[in-house]
Amino acid sequence: MNYRALGRTGWKISEVSFGAWAIGADWGDVSDADAMAALHKAVDSGINFLDTSDTYGNGRSERLIARLKKERSGEEIVVATKMGRKLPKQVVEGYSAANLAGWVEESLRNLNTDCLDLVQLHCPPTDAYYHPEIFGALDGLVKAGKIRFYGVSVERVEEALKAIEYENVQTVQIIFNCFRQRPAELFFEQAKKRQVGILARVPLASGMLTGKLTKQSQFAADDHRNFNRHGESFDMGETFSGVDYDVALEAVKELRALLPEGMTMPQMALRWILMFDAVSCAIPGGKKPEQVADNARASDLPALSDAVMEGVRRVYDAKVRELVHQRW
């Protein structure tokens, strides 16, 4: 496992990290035993950065991570959590100082700690980035010793660019993968100038870039890949990166032809992300230990060739660009 600087935090984090959405909720049933086995395999594989949210299973994901930290008390593990999606409606007024403080207290309890490593606003409405008092409230929580650092998780490049105008925003979490390439055009350059850490989320496009899905694939009723394909519950860009399912399958078929010898499809997709030095880490999820281990090994694989990188770009331009590029 290789490690990269996380912005200005001073932390060196595993460039393949662990997204804990799948062990919390919205990806079908995952038992506590399976979730803990996946978490332990992550640490065994050199992963030292875990990303979660207070809404993943209404705190379940955070509580599982607290259990992991207790069971692996000798390991240095950085935990990033997110907050704000508990609001009944996403409005700027919901991001009040009182609500922010309340959400932090709840995550402190769930994670069984007295200070949160990294707190991220969880895809708030775009207008929130034009309200400096929200970021002032987060500064207050840092001064109070409740959180060490804070950042944002965004849906759109526009939001990412606005967020990093705030000097204490340390990280930006954004969808970046073979199907969502726009962040690399302008945002990465600006983030590097400000030494802002970039967390590449949805790196496998909800499992599509694993190459394992087919037209016959079935998803559980409580799996967002079943109930959110058109944005019925949250931004549709979170599900298959906003790409039509059948189109995505066609694109994956073409990507498979680019697969270097000795790599799995998920590893190629993750290795593609790691070719961008602005990225601090990719944060794939994993419900099974073998998935986690396979993802982690992507860090140790050779760089992708120029031919492969150009091939991925061609597939994006031909199949995907018009569906997503200007939307997010």
# chains A, B, ... in the order shown; residues from 1 in each chain; ligands from 1
call {"tool": "residues_around", "arguments": {"residues": "Leu138 (chain A)", "least_positions_apart": "6", "cutoff": "9 Å", "atoms": "only C-alpha atoms", "output": "JSON, numbers by chain"}}
result
{"A": [97, 100, 101, 119, 147, 149, 150]}
call {"tool": "residues_around", "arguments": {"residues": "region 170-176 of chain A", "least_positions_apart": "3", "cutoff": "9 Å", "atoms": "only C-alpha atoms", "output": "PyMOL selection string"}}
result
chain A and resi 6-9+118+120+149-157+160+163-164+167+179-184+191+195-203+205+237-238+241+273+282
call {"tool": "atom_distance", "arguments": {"atom1": "CA of Glu62 (chain A)", "atom2": "CA of Leu111 (chain A)"}}
result
5.5 Å
call {"tool": "residues_around", "arguments": {"residues": "Val247 (chain A)", "least_positions_apart": "3", "cutoff": "12 Å", "atoms": "only C-alpha atoms", "output": "list in words"}}
result
Phe179, Met208, Thr214, Lys215, Phe240, Ser241, Gly242, Val243, Asp244, Glu250, Ala251, Val252, Lys253, Glu254, Val315, Tyr316, Ala318, Lys319, Val320, Arg321, Glu322 and Leu323 of chain A
call {"tool": "write_last_selection", "arguments": {"atoms": "C-alpha atoms", "output": "short mmCIF file (atom, residue, chain, number, x, y, z; two decimals), in the first residue's frame"}}
result
data_model
loop_
_atom_site.label_atom_id
_atom_site.label_comp_id
_atom_site.auth_asym_id
_atom_site.auth_seq_id
_atom_site.Cartn_x
_atom_site.Cartn_y
_atom_site.Cartn_z
CA PHE A 179 -17.31 7.64 -16.13
CA MET A 208 -20.50 -0.98 -12.73
CA THR A 214 -25.02 -7.70 -16.53
CA LYS A 215 -28.45 -6.96 -17.96
CA PHE A 240 -23.91 4.31 -11.58
CA SER A 241 -22.39 7.82 -11.72
CA GLY A 242 -25.53 9.02 -13.46
CA VAL A 243 -24.95 6.89 -16.56
CA ASP A 244 -27.83 4.94 -18.10
CA GLU A 250 -21.66 -1.13 -23.33
CA ALA A 251 -18.90 1.19 -22.12
CA VAL A 252 -17.61 -1.41 -19.67
CA LYS A 253 -17.39 -3.96 -22.47
CA GLU A 254 -15.08 -1.57 -24.34
CA VAL A 315 -14.64 5.35 -24.36
CA TYR A 316 -15.71 8.26 -22.16
CA ALA A 318 -17.87 8.22 -27.27
CA LYS A 319 -20.26 6.68 -24.75
CA VAL A 320 -20.51 8.73 -21.58
CA ARG A 321 -19.53 12.37 -21.97
CA GLU A 322 -22.83 13.71 -23.31
CA LEU A 323 -24.74 12.06 -20.46
#
call {"tool": "atom_distance", "arguments": {"atom1": "CA of Gln291 (chain A)", "atom2": "CA of Phe219 (chain A)"}}
result
17.8 Å
